[in-house]
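A.B. asks: Got a structure for you, questions after.
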Amino acid sequence: MRLAIFDLDNTLLAGDSDHQWGEYLCARGLVDADAYRAKNDGFYADYVAGKLDVLAYQNFCQEILGRTDKAQLDEWHADFMRDCIEPMILAKGEALLAKHRAAGDLLLIITATNRFITAPIAQRLGVEHLIATECGMQNGQYTGELVDVPSFQAGKITRLNAWLTEHQATLGESYFYSDSYNDLPLLEQVSHPVAVDPDDTLRELAEQRGWTVLSLRD
């Protein structure tokens, strides 16, 4: 079965779910808005520039998970999905998923954003398989600590290789859709790399290498 892999933020979504979660927390008064937004924006700028300290970022964004009851977090997330994520879901992204699904391809979302944020989004998009940065859990509650290798940059390859072994799958004739130069390590591993509404660095590289460049927003 051919594998169709999708980045999530700024690829299937018209925005970044991770950053938007921080904005949601600020807007609802659930964190100190000025301090949180300053850190959140700083980390996002580092991500765009390709120099994010992913461990520091995960320590920052998972802290609230560790000090909040899971039932409360789930309630917040349902509100977040309705008000923030639904408006970012791209119709052309859903159509692309449907095209691969109809072709019999196995769909997989791989994202640096943590599983708490992204699992309901993957479910909403009808994608069963998800590789995300993992959140520690103990006795049914989040610990607020990162576990496993973050699925970011080369970490996506590490996590994907483990997934391929577990599912007895290969990258033969595989596709990977991404907007970000941060995903170059994985784009170079697949048979069909596709730059989706790419950042300037990825666009230039994709054009040099003859990779497909497409927009899901036009």
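Going by the structure tokens order, chains are called A, B, ..., each with residues numbered from 1, while ligands are numbered from 1 in the order shown.
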Out of segment 83-121 of chain A, which residues get helix (DSSP H, G or I) from DSSP, as a PDB file with N, CA, C and O atoms, in the first residue's frame?
C.D. replies:
ATOM      1  N   ASP A  83     -13.783  26.985  17.630  1.00  0.00           N
ATOM      2  CA  ASP A  83     -13.557  28.400  17.368  1.00  0.00           C
ATOM      3  C   ASP A  83     -12.285  28.701  16.588  1.00  0.00           C
ATOM      4  O   ASP A  83     -12.222  29.712  15.880  1.00  0.00           O
ATOM      5  N   CYS A  84     -11.288  27.837  16.715  1.00  0.00           N
ATOM      6  CA  CYS A  84      -9.981  28.142  16.127  1.00  0.00           C
ATOM      7  C   CYS A  84      -9.572  27.215  14.989  1.00  0.00           C
ATOM      8  O   CYS A  84      -9.019  27.675  13.981  1.00  0.00           O
ATOM      9  N   ILE A  85      -9.823  25.927  15.138  1.00  0.00           N
ATOM     10  CA  ILE A  85      -9.341  24.967  14.138  1.00  0.00           C
ATOM     11  C   ILE A  85     -10.279  24.854  12.940  1.00  0.00           C
ATOM     12  O   ILE A  85      -9.820  24.861  11.785  1.00  0.00           O
ATOM     13  N   GLU A  86     -11.559  24.755  13.194  1.00  0.00           N
ATOM     14  CA  GLU A  86     -12.497  24.613  12.060  1.00  0.00           C
ATOM     15  C   GLU A  86     -12.304  25.699  11.007  1.00  0.00           C
ATOM     16  O   GLU A  86     -12.289  25.394   9.805  1.00  0.00           O
ATOM     17  N   PRO A  87     -12.121  26.962  11.393  1.00  0.00           N
ATOM     18  CA  PRO A  87     -11.908  27.986  10.359  1.00  0.00           C
ATOM     19  C   PRO A  87     -10.590  27.835   9.601  1.00  0.00           C
ATOM     20  O   PRO A  87     -10.441  28.428   8.520  1.00  0.00           O
ATOM     21  N   MET A  88      -9.639  27.068  10.139  1.00  0.00           N
ATOM     22  CA  MET A  88      -8.336  26.887   9.475  1.00  0.00           C
ATOM     23  C   MET A  88      -8.291  25.665   8.573  1.00  0.00           C
ATOM     24  O   MET A  88      -7.324  25.481   7.830  1.00  0.00           O
ATOM     25  N   ALA A  91     -10.421  23.405   2.520  1.00  0.00           N
ATOM     26  CA  ALA A  91     -11.257  22.528   1.689  1.00  0.00           C
ATOM     27  C   ALA A  91     -10.399  21.756   0.686  1.00  0.00           C
ATOM     28  O   ALA A  91     -10.630  20.561   0.445  1.00  0.00           O
ATOM     29  N   LYS A  92      -9.400  22.412   0.118  1.00  0.00           N
ATOM     30  CA  LYS A  92      -8.532  21.731  -0.847  1.00  0.00           C
ATOM     31  C   LYS A  92      -7.655  20.695  -0.148  1.00  0.00           C
ATOM     32  O   LYS A  92      -7.269  19.697  -0.767  1.00  0.00           O
ATOM     33  N   GLY A  93      -7.357  20.936   1.103  1.00  0.00           N
ATOM     34  CA  GLY A  93      -6.625  19.933   1.871  1.00  0.00           C
ATOM     35  C   GLY A  93      -7.473  18.690   2.085  1.00  0.00           C
ATOM     36  O   GLY A  93      -6.991  17.562   1.931  1.00  0.00           O
ATOM     37  N   GLU A  94      -8.726  18.893   2.441  1.00  0.00           N
ATOM     38  CA  GLU A  94      -9.633  17.751   2.604  1.00  0.00           C
ATOM     39  C   GLU A  94      -9.825  17.019   1.281  1.00  0.00           C
ATOM     40  O   GLU A  94      -9.903  15.784   1.255  1.00  0.00           O
ATOM     41  N   ALA A  95      -9.876  17.765   0.181  1.00  0.00           N
ATOM     42  CA  ALA A  95     -10.019  17.134  -1.131  1.00  0.00           C
ATOM     43  C   ALA A  95      -8.786  16.309  -1.480  1.00  0.00           C
ATOM     44  O   ALA A  95      -8.896  15.225  -2.080  1.00  0.00           O
ATOM     45  N   LEU A  96      -7.605  16.800  -1.109  1.00  0.00           N
ATOM     46  CA  LEU A  96      -6.373  16.053  -1.368  1.00  0.00           C
ATOM     47  C   LEU A  96      -6.345  14.761  -0.557  1.00  0.00           C
ATOM     48  O   LEU A  96      -5.953  13.695  -1.070  1.00  0.00           O
ATOM     49  N   LEU A  97      -6.761  14.834   0.684  1.00  0.00           N
ATOM     50  CA  LEU A  97      -6.869  13.624   1.507  1.00  0.00           C
ATOM     51  C   LEU A  97      -7.834  12.637   0.865  1.00  0.00           C
ATOM     52  O   LEU A  97      -7.552  11.430   0.781  1.00  0.00           O
ATOM     53  N   ALA A  98      -8.964  13.142   0.412  1.00  0.00           N
ATOM     54  CA  ALA A  98      -9.972  12.281  -0.202  1.00  0.00           C
ATOM     55  C   ALA A  98      -9.445  11.629  -1.479  1.00  0.00           C
ATOM     56  O   ALA A  98      -9.741  10.456  -1.757  1.00  0.00           O
ATOM     57  N   LYS A  99      -8.644  12.363  -2.247  1.00  0.00           N
ATOM     58  CA  LYS A  99      -8.063  11.819  -3.479  1.00  0.00           C
ATOM     59  C   LYS A  99      -7.155  10.634  -3.169  1.00  0.00           C
ATOM     60  O   LYS A  99      -7.235   9.578  -3.828  1.00  0.00           O
ATOM     61  N   HIS A 100      -6.277  10.788  -2.171  1.00  0.00           N
ATOM     62  CA  HIS A 100      -5.388   9.687  -1.807  1.00  0.00           C
ATOM     63  C   HIS A 100      -6.162   8.529  -1.181  1.00  0.00           C
ATOM     64  O   HIS A 100      -5.847   7.360  -1.413  1.00  0.00           O
ATOM     65  N   ARG A 101      -7.177   8.866  -0.405  1.00  0.00           N
ATOM     66  CA  ARG A 101      -7.997   7.816   0.204  1.00  0.00           C
ATOM     67  C   ARG A 101      -8.696   6.993  -0.883  1.00  0.00           C
ATOM     68  O   ARG A 101      -8.728   5.758  -0.814  1.00  0.00           O
ATOM     69  N   ALA A 102      -9.222   7.670  -1.882  1.00  0.00           N
ATOM     70  CA  ALA A 102      -9.916   6.980  -2.973  1.00  0.00           C
ATOM     71  C   ALA A 102      -8.967   6.116  -3.795  1.00  0.00           C
ATOM     72  O   ALA A 102      -9.375   5.098  -4.366  1.00  0.00           O
ATOM     73  N   ARG A 115       0.565  15.697  20.654  1.00  0.00           N
ATOM     74  CA  ARG A 115      -0.603  14.835  20.415  1.00  0.00           C
ATOM     75  C   ARG A 115      -1.876  15.388  21.057  1.00  0.00           C
ATOM     76  O   ARG A 115      -2.966  15.206  20.521  1.00  0.00           O
ATOM     77  N   PHE A 116      -1.746  16.043  22.207  1.00  0.00           N
ATOM     78  CA  PHE A 116      -2.938  16.621  22.828  1.00  0.00           C
ATOM     79  C   PHE A 116      -3.644  17.554  21.857  1.00  0.00           C
ATOM     80  O   PHE A 116      -4.874  17.505  21.699  1.00  0.00           O
ATOM     81  N   ILE A 117      -2.892  18.417  21.194  1.00  0.00           N
ATOM     82  CA  ILE A 117      -3.477  19.371  20.262  1.00  0.00           C
ATOM     83  C   ILE A 117      -3.943  18.686  18.984  1.00  0.00           C
ATOM     84  O   ILE A 117      -5.035  18.969  18.472  1.00  0.00           O
ATOM     85  N   THR A 118      -3.152  17.755  18.456  1.00  0.00           N
ATOM     86  CA  THR A 118      -3.372  17.291  17.084  1.00  0.00           C
ATOM     87  C   THR A 118      -4.233  16.044  16.933  1.00  0.00           C
ATOM     88  O   THR A 118      -4.805  15.837  15.859  1.00  0.00           O
ATOM     89  N   ALA A 119      -4.336  15.208  17.953  1.00  0.00           N
ATOM     90  CA  ALA A 119      -5.120  13.978  17.785  1.00  0.00           C
ATOM     91  C   ALA A 119      -6.573  14.272  17.402  1.00  0.00           C
ATOM     92  O   ALA A 119      -7.111  13.641  16.476  1.00  0.00           O
ATOM     93  N   PRO A 120      -7.258  15.223  18.053  1.00  0.00           N
ATOM     94  CA  PRO A 120      -8.625  15.525  17.617  1.00  0.00           C
ATOM     95  C   PRO A 120      -8.693  16.122  16.218  1.00  0.00           C
ATOM     96  O   PRO A 120      -9.698  15.941  15.511  1.00  0.00           O
ATOM     97  N   ILE A 121      -7.636  16.826  15.803  1.00  0.00           N
ATOM     98  CA  ILE A 121      -7.624  17.402  14.451  1.00  0.00           C
ATOM     99  C   ILE A 121      -7.497  16.290  13.413  1.00  0.00           C
ATOM    100  O   ILE A 121      -8.205  16.280  12.394  1.00  0.00           O
TER     101      ILE A 121
END
A.B. asks: Write out as CSV the residues of segment 130-205 of chain A that have any atom within 12 Å of an atom of segment 15-26 of chain A, one row each with the nearest atom pair and its distance in Å to one decimal, counting only C-alpha atoms, sorted by chain and then rising number.
C.D. replies:
residue,atom,partner,partner_atom,distance
A:Ala132,CA,A:Asp18,CA,11.5
A:Thr133,CA,A:Asp18,CA,11.2
A:Asp179,CA,A:Gly15,CA,10.8
A:Ser180,CA,A:Asp16,CA,11.6
A:Asp197,CA,A:Gly15,CA,11.2
A.B. asks: For those residues, write C-alpha atoms to a file as an mmCIF file, in the first residue's frame.
C.D. replies:
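Contents of result31.cif, freshly written:
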data_model
loop_
_atom_site.group_PDB
_atom_site.id
_atom_site.type_symbol
_atom_site.label_atom_id
_atom_site.label_comp_id
_atom_site.auth_asym_id
_atom_site.auth_seq_id
_atom_site.Cartn_x
_atom_site.Cartn_y
_atom_site.Cartn_z
ATOM 1 C CA ALA A 132 3.043 13.718 16.846
ATOM 2 C CA THR A 133 5.280 14.918 19.630
ATOM 3 C CA ASP A 179 5.110 23.753 3.739
ATOM 4 C CA SER A 180 8.302 24.033 5.757
ATOM 5 C CA ASP A 197 2.311 26.797 0.025
#
A.B. asks: Using only C-alpha atoms, find the one residue out of A:Leu13, A:Leu184, A:Leu146, A:Leu55 that sits nearest to Arg124 of chain A.
C.D. replies: A:Leu13
A.B. asks: How close does segment 112-137 of chain A get to segment 1-7 of chain A? List, as a Markdown table, each residue of segment 112-137 of chain A within 12 Å, its nearest atom pair and the distance in Å to one decimal, counting only C-alpha atoms.
C.D. replies:
| residue | atom | partner | partner_atom | distance |
| --- | --- | --- | --- | --- |
| A:Ala112 | CA | A:Asp7 | CA | 8.7 |
| A:Thr113 | CA | A:Asp7 | CA | 10.0 |
| A:Thr118 | CA | A:Asp7 | CA | 11.2 |
| A:Ala122 | CA | A:Phe6 | CA | 10.5 |
| A:Leu125 | CA | A:Phe6 | CA | 11.4 |
| A:Val127 | CA | A:Phe6 | CA | 9.9 |
| A:Glu128 | CA | A:Ile5 | CA | 11.8 |
| A:His129 | CA | A:Ile5 | CA | 9.6 |
| A:Leu130 | CA | A:Ile5 | CA | 9.6 |
| A:Ile131 | CA | A:Asp7 | CA | 9.8 |
| A:Ala132 | CA | A:Asp7 | CA | 10.1 |
A.B. asks: Could the residues in this selection be written to a file with N, CA and C atoms, as a PDB file, in the first residue's frame?
C.D. replies:
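Result went into part29.pdb, see below:
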ATOM      1  N   ALA A 112       5.149  18.157  14.253  1.00  0.00           N
ATOM      2  CA  ALA A 112       5.935  18.479  15.441  1.00  0.00           C
ATOM      3  C   ALA A 112       5.048  18.898  16.605  1.00  0.00           C
ATOM      4  N   THR A 113       3.818  19.283  16.313  1.00  0.00           N
ATOM      5  CA  THR A 113       2.884  19.704  17.357  1.00  0.00           C
ATOM      6  C   THR A 113       2.481  18.499  18.195  1.00  0.00           C
ATOM      7  N   THR A 118      -3.152  17.755  18.456  1.00  0.00           N
ATOM      8  CA  THR A 118      -3.372  17.291  17.084  1.00  0.00           C
ATOM      9  C   THR A 118      -4.233  16.044  16.933  1.00  0.00           C
ATOM     10  N   ALA A 122      -6.585  15.348  13.655  1.00  0.00           N
ATOM     11  CA  ALA A 122      -6.440  14.209  12.742  1.00  0.00           C
ATOM     12  C   ALA A 122      -7.747  13.431  12.652  1.00  0.00           C
ATOM     13  N   LEU A 125     -10.168  15.192  10.480  1.00  0.00           N
ATOM     14  CA  LEU A 125      -9.810  15.075   9.064  1.00  0.00           C
ATOM     15  C   LEU A 125      -9.949  13.650   8.542  1.00  0.00           C
ATOM     16  N   VAL A 127      -8.126  11.013   9.402  1.00  0.00           N
ATOM     17  CA  VAL A 127      -6.825  10.359   9.231  1.00  0.00           C
ATOM     18  C   VAL A 127      -6.541   9.548  10.483  1.00  0.00           C
ATOM     19  N   GLU A 128      -6.502   8.234  10.326  1.00  0.00           N
ATOM     20  CA  GLU A 128      -6.342   7.340  11.476  1.00  0.00           C
ATOM     21  C   GLU A 128      -4.943   7.387  12.065  1.00  0.00           C
ATOM     22  N   HIS A 129      -3.940   7.500  11.209  1.00  0.00           N
ATOM     23  CA  HIS A 129      -2.553   7.370  11.660  1.00  0.00           C
ATOM     24  C   HIS A 129      -1.928   8.743  11.884  1.00  0.00           C
ATOM     25  N   LEU A 130      -1.353   8.927  13.065  1.00  0.00           N
ATOM     26  CA  LEU A 130      -0.769  10.201  13.453  1.00  0.00           C
ATOM     27  C   LEU A 130       0.548   9.972  14.185  1.00  0.00           C
ATOM     28  N   ILE A 131       1.581  10.652  13.719  1.00  0.00           N
ATOM     29  CA  ILE A 131       2.832  10.754  14.469  1.00  0.00           C
ATOM     30  C   ILE A 131       2.925  12.194  14.942  1.00  0.00           C
ATOM     31  N   ALA A 132       2.973  12.384  16.259  1.00  0.00           N
ATOM     32  CA  ALA A 132       3.043  13.718  16.846  1.00  0.00           C
ATOM     33  C   ALA A 132       4.041  13.684  17.994  1.00  0.00           C
TER      34      ALA A 132
END
A.B. asks: Closest to Gln62 of chain A among A:Tyr181, A:Tyr142, A:Trp163, A:Phe152, using only C-alpha atoms?
C.D. replies: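 Nearest to Gln62 of chain A: A:Tyr142.
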A.B. asks: Could you please determine the separation between atom CA of Asp53 of chain A and atom CA of Leu186 of chain A in Å, to one decimal place?
C.D. replies: 18.8 Å
A.B. asks: I'd like the contact shell of segment 203-218 of chain A - 8 Å cut-off, only C-alpha atoms, skipping same-chain residues fewer than 5 positions apart - returned as a list in words.
C.D. replies: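 Returned residues: Thr11, Leu12, Ala14, Leu90, Ala91, Lys92, Gly93, His192, Pro193, Val194, Ala195, Val196, Asp197 and Pro198 of chain A.
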A.B. asks: Using N, CA, C and O atoms, can you export the residues from the last selection as a tab-separated table (two decimals), in the first residue's frame?
C.D. replies:
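Printed below is result.tsv as written:
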chain	number	residue	atom	x	y	z
A	11	THR	N	-0.09	23.38	6.23
A	11	THR	CA	-0.18	22.48	5.08
A	11	THR	C	-1.64	22.10	4.89
A	11	THR	O	-2.30	22.61	3.99
A	12	LEU	N	-2.15	21.24	5.74
A	12	LEU	CA	-3.58	20.92	5.72
A	12	LEU	C	-4.40	22.00	6.42
A	12	LEU	O	-5.62	22.09	6.20
A	14	ALA	N	-4.72	26.21	7.41
A	14	ALA	CA	-4.30	27.57	7.03
A	14	ALA	C	-3.82	28.31	8.27
A	14	ALA	O	-4.36	29.34	8.66
A	90	LEU	N	-8.62	23.55	5.49
A	90	LEU	CA	-8.65	23.92	4.08
A	90	LEU	C	-9.46	22.91	3.27
A	90	LEU	O	-9.19	21.70	3.32
A	91	ALA	N	-10.42	23.40	2.52
A	91	ALA	CA	-11.26	22.53	1.69
A	91	ALA	C	-10.40	21.76	0.69
A	91	ALA	O	-10.63	20.56	0.45
A	92	LYS	N	-9.40	22.41	0.12
A	92	LYS	CA	-8.53	21.73	-0.85
A	92	LYS	C	-7.66	20.69	-0.15
A	92	LYS	O	-7.27	19.70	-0.77
A	93	GLY	N	-7.36	20.94	1.10
A	93	GLY	CA	-6.63	19.93	1.87
A	93	GLY	C	-7.47	18.69	2.08
A	93	GLY	O	-6.99	17.56	1.93
A	192	HIS	N	7.98	11.03	-3.66
A	192	HIS	CA	7.28	12.18	-4.25
A	192	HIS	C	7.18	13.31	-3.22
A	192	HIS	O	6.17	13.44	-2.53
A	193	PRO	N	8.22	14.14	-3.10
A	193	PRO	CA	8.15	15.29	-2.19
A	193	PRO	C	7.31	16.39	-2.82
A	193	PRO	O	7.46	16.70	-4.02
A	194	VAL	N	6.41	16.99	-2.04
A	194	VAL	CA	5.54	18.04	-2.55
A	194	VAL	C	5.59	19.23	-1.59
A	194	VAL	O	5.32	19.08	-0.40
A	195	ALA	N	5.94	20.39	-2.11
A	195	ALA	CA	5.97	21.62	-1.32
A	195	ALA	C	4.61	22.30	-1.43
A	195	ALA	O	4.17	22.66	-2.52
A	196	VAL	N	3.95	22.46	-0.29
A	196	VAL	CA	2.59	23.01	-0.25
A	196	VAL	C	2.62	24.41	0.35
A	196	VAL	O	2.99	24.58	1.52
A	197	ASP	N	2.25	25.40	-0.46
A	197	ASP	CA	2.31	26.80	0.02
A	197	ASP	C	3.61	27.01	0.82
A	197	ASP	O	3.58	27.44	1.98
A	198	PRO	N	4.73	26.73	0.20
A	198	PRO	CA	5.98	26.62	0.97
A	198	PRO	C	6.54	27.97	1.42
A	198	PRO	O	6.26	29.01	0.82
A.B. asks: Would you work out the distance separating atom CA of Asp32 of chain A from atom CA of Arg67 of chain A, expressed in Å to one decimal?
C.D. replies: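 It comes out at 14.7 Å.
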A.B. asks: For the atom pair atom CA of Pro185 of chain A and atom CA of Ile157 of chain A, what is the interatomic distance in Å to one decimal place?
C.D. replies: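 Between atom CA of Pro185 of chain A and atom CA of Ile157 of chain A the gap works out to 7.3 Å.
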A.B. asks: Kindly indicate which residue among A:Ala35, A:Tyr47, A:Ala56, A:Leu108 lies nearest to His167 of chain A, using only C-alpha atoms for the distances.
C.D. replies: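 Among the listed residues, A:Leu108 lies closest to His167 of chain A.
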A.B. asks: Nearest to Ser174 of chain A: which of A:Asn139, A:Leu106, A:Asp200, A:Gln72 is it, counting only C-alpha atoms?
C.D. replies: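 With only C-alpha atoms as the atom set, the closest residue is A:Leu106.
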A.B. asks: Nearest to Leu65 of chain A among A:Glu173, A:Asp183, A:Glu166, A:Glu145, with distances taken over only C-alpha atoms: which residue is it?
C.D. replies: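 Going through A:Glu173, A:Asp183, A:Glu166, A:Glu145 one by one, the smallest distance to Leu65 of chain A is for A:Glu145.
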A.B. asks: Near Gln153 of chain A, counting only C-alpha atoms, which residues have an atom at most 6 Å away, once you skip same-chain residues fewer than 2 positions from it, shown as a PDB file with C-alpha atoms, in the first residue's frame?
C.D. replies:
ATOM      1  CA  GLY A 155      13.200  13.559  14.567  1.00  0.00           C
ATOM      2  CA  LYS A 156      10.386  13.024  12.084  1.00  0.00           C
ATOM      3  CA  ASN A 182      12.163  22.287   8.642  1.00  0.00           C
ATOM      4  CA  ASP A 183      10.794  19.161   6.928  1.00  0.00           C
TER       5      ASP A 183
END
A.B. asks: Based on DSSP run over this structure's backbone, return all residues of segment 49-212 of chain A in strand (DSSP E), as a ChimeraX atom specification.
C.D. replies: /A:106-114,129-138,141-147,175-178,192-196,212
A.B. asks: Go ahead and save the picked residues with N, CA and C atoms, as a tab-separated table (two decimals), in the first residue's frame.
C.D. replies:
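Saved as selection-v6.tsv:
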chain	number	residue	atom	x	y	z
A	106	LEU	N	-2.49	4.72	2.07
A	106	LEU	CA	-2.52	4.78	3.53
A	106	LEU	C	-2.14	6.20	3.95
A	107	LEU	N	-3.02	6.86	4.70
A	107	LEU	CA	-2.82	8.25	5.07
A	107	LEU	C	-2.17	8.36	6.45
A	108	LEU	N	-1.22	9.27	6.55
A	108	LEU	CA	-0.51	9.50	7.81
A	108	LEU	C	-0.23	10.98	7.96
A	109	ILE	N	-0.57	11.55	9.10
A	109	ILE	CA	-0.16	12.91	9.44
A	109	ILE	C	1.05	12.82	10.36
A	110	ILE	N	2.07	13.60	10.04
A	110	ILE	CA	3.26	13.67	10.89
A	110	ILE	C	3.51	15.14	11.23
A	111	THR	N	3.57	15.45	12.51
A	111	THR	CA	3.63	16.84	12.93
A	111	THR	C	4.50	17.01	14.17
A	112	ALA	N	5.15	18.16	14.25
A	112	ALA	CA	5.94	18.48	15.44
A	112	ALA	C	5.05	18.90	16.60
A	113	THR	N	3.82	19.28	16.31
A	113	THR	CA	2.88	19.70	17.36
A	113	THR	C	2.48	18.50	18.20
A	114	ASN	N	2.21	18.74	19.48
A	114	ASN	CA	1.98	17.60	20.37
A	114	ASN	C	0.64	16.91	20.15
A	129	HIS	N	-3.94	7.50	11.21
A	129	HIS	CA	-2.55	7.37	11.66
A	129	HIS	C	-1.93	8.74	11.88
A	130	LEU	N	-1.35	8.93	13.06
A	130	LEU	CA	-0.77	10.20	13.45
A	130	LEU	C	0.55	9.97	14.19
A	131	ILE	N	1.58	10.65	13.72
A	131	ILE	CA	2.83	10.75	14.47
A	131	ILE	C	2.92	12.19	14.94
A	132	ALA	N	2.97	12.38	16.26
A	132	ALA	CA	3.04	13.72	16.85
A	132	ALA	C	4.04	13.68	17.99
A	133	THR	N	4.45	14.85	18.43
A	133	THR	CA	5.28	14.92	19.63
A	133	THR	C	4.45	14.45	20.82
A	134	GLU	N	5.03	13.56	21.62
A	134	GLU	CA	4.24	12.87	22.64
A	134	GLU	C	4.26	13.60	23.99
A	135	CYS	N	3.14	13.51	24.67
A	135	CYS	CA	2.96	14.11	25.99
A	135	CYS	C	2.94	13.00	27.03
A	136	GLY	N	3.72	13.16	28.09
A	136	GLY	CA	3.73	12.17	29.15
A	136	GLY	C	2.38	12.09	29.87
A	137	MET	N	2.00	10.88	30.25
A	137	MET	CA	0.76	10.69	31.00
A	137	MET	C	1.02	9.73	32.15
A	138	GLN	N	0.33	9.96	33.26
A	138	GLN	CA	0.42	9.09	34.42
A	138	GLN	C	-0.93	9.09	35.12
A	141	GLN	N	-3.65	11.34	33.68
A	141	GLN	CA	-3.45	12.78	33.63
A	141	GLN	C	-2.12	13.07	32.93
A	142	TYR	N	-2.04	14.22	32.30
A	142	TYR	CA	-0.78	14.63	31.67
A	142	TYR	C	0.25	14.99	32.73
A	143	THR	N	1.50	14.66	32.47
A	143	THR	CA	2.57	14.99	33.41
A	143	THR	C	3.15	16.38	33.15
A	144	GLY	N	2.92	16.91	31.95
A	144	GLY	CA	3.52	18.18	31.57
A	144	GLY	C	4.93	18.04	31.03
A	145	GLU	N	5.34	16.79	30.77
A	145	GLU	CA	6.69	16.54	30.30
A	145	GLU	C	6.68	15.80	28.96
A	146	LEU	N	7.62	16.14	28.13
A	146	LEU	CA	7.82	15.48	26.85
A	146	LEU	C	8.28	14.04	27.03
A	147	VAL	N	7.77	13.14	26.21
A	147	VAL	CA	8.30	11.78	26.16
A	147	VAL	C	8.60	11.43	24.71
A	175	TYR	N	4.44	9.63	-0.79
A	175	TYR	CA	4.29	11.08	-0.93
A	175	TYR	C	4.50	11.73	0.43
A	176	PHE	N	5.05	12.94	0.42
A	176	PHE	CA	5.06	13.76	1.62
A	176	PHE	C	4.77	15.19	1.23
A	177	TYR	N	3.76	15.76	1.87
A	177	TYR	CA	3.32	17.13	1.62
A	177	TYR	C	3.70	18.00	2.81
A	178	SER	N	4.45	19.08	2.56
A	178	SER	CA	4.84	19.98	3.65
A	178	SER	C	5.07	21.40	3.14
A	192	HIS	N	7.98	11.03	-3.66
A	192	HIS	CA	7.28	12.18	-4.25
A	192	HIS	C	7.18	13.31	-3.22
A	193	PRO	N	8.22	14.14	-3.10
A	193	PRO	CA	8.15	15.29	-2.19
A	193	PRO	C	7.31	16.39	-2.82
A	194	VAL	N	6.41	16.99	-2.04
A	194	VAL	CA	5.54	18.04	-2.55
A	194	VAL	C	5.59	19.23	-1.59
A	195	ALA	N	5.94	20.39	-2.11
A	195	ALA	CA	5.97	21.62	-1.32
A	195	ALA	C	4.61	22.30	-1.43
A	196	VAL	N	3.95	22.46	-0.29
A	196	VAL	CA	2.59	23.01	-0.25
A	196	VAL	C	2.62	24.41	0.35
A	212	THR	N	7.32	19.04	-7.06
A	212	THR	CA	6.00	19.64	-7.25
A	212	THR	C	5.78	20.71	-6.19
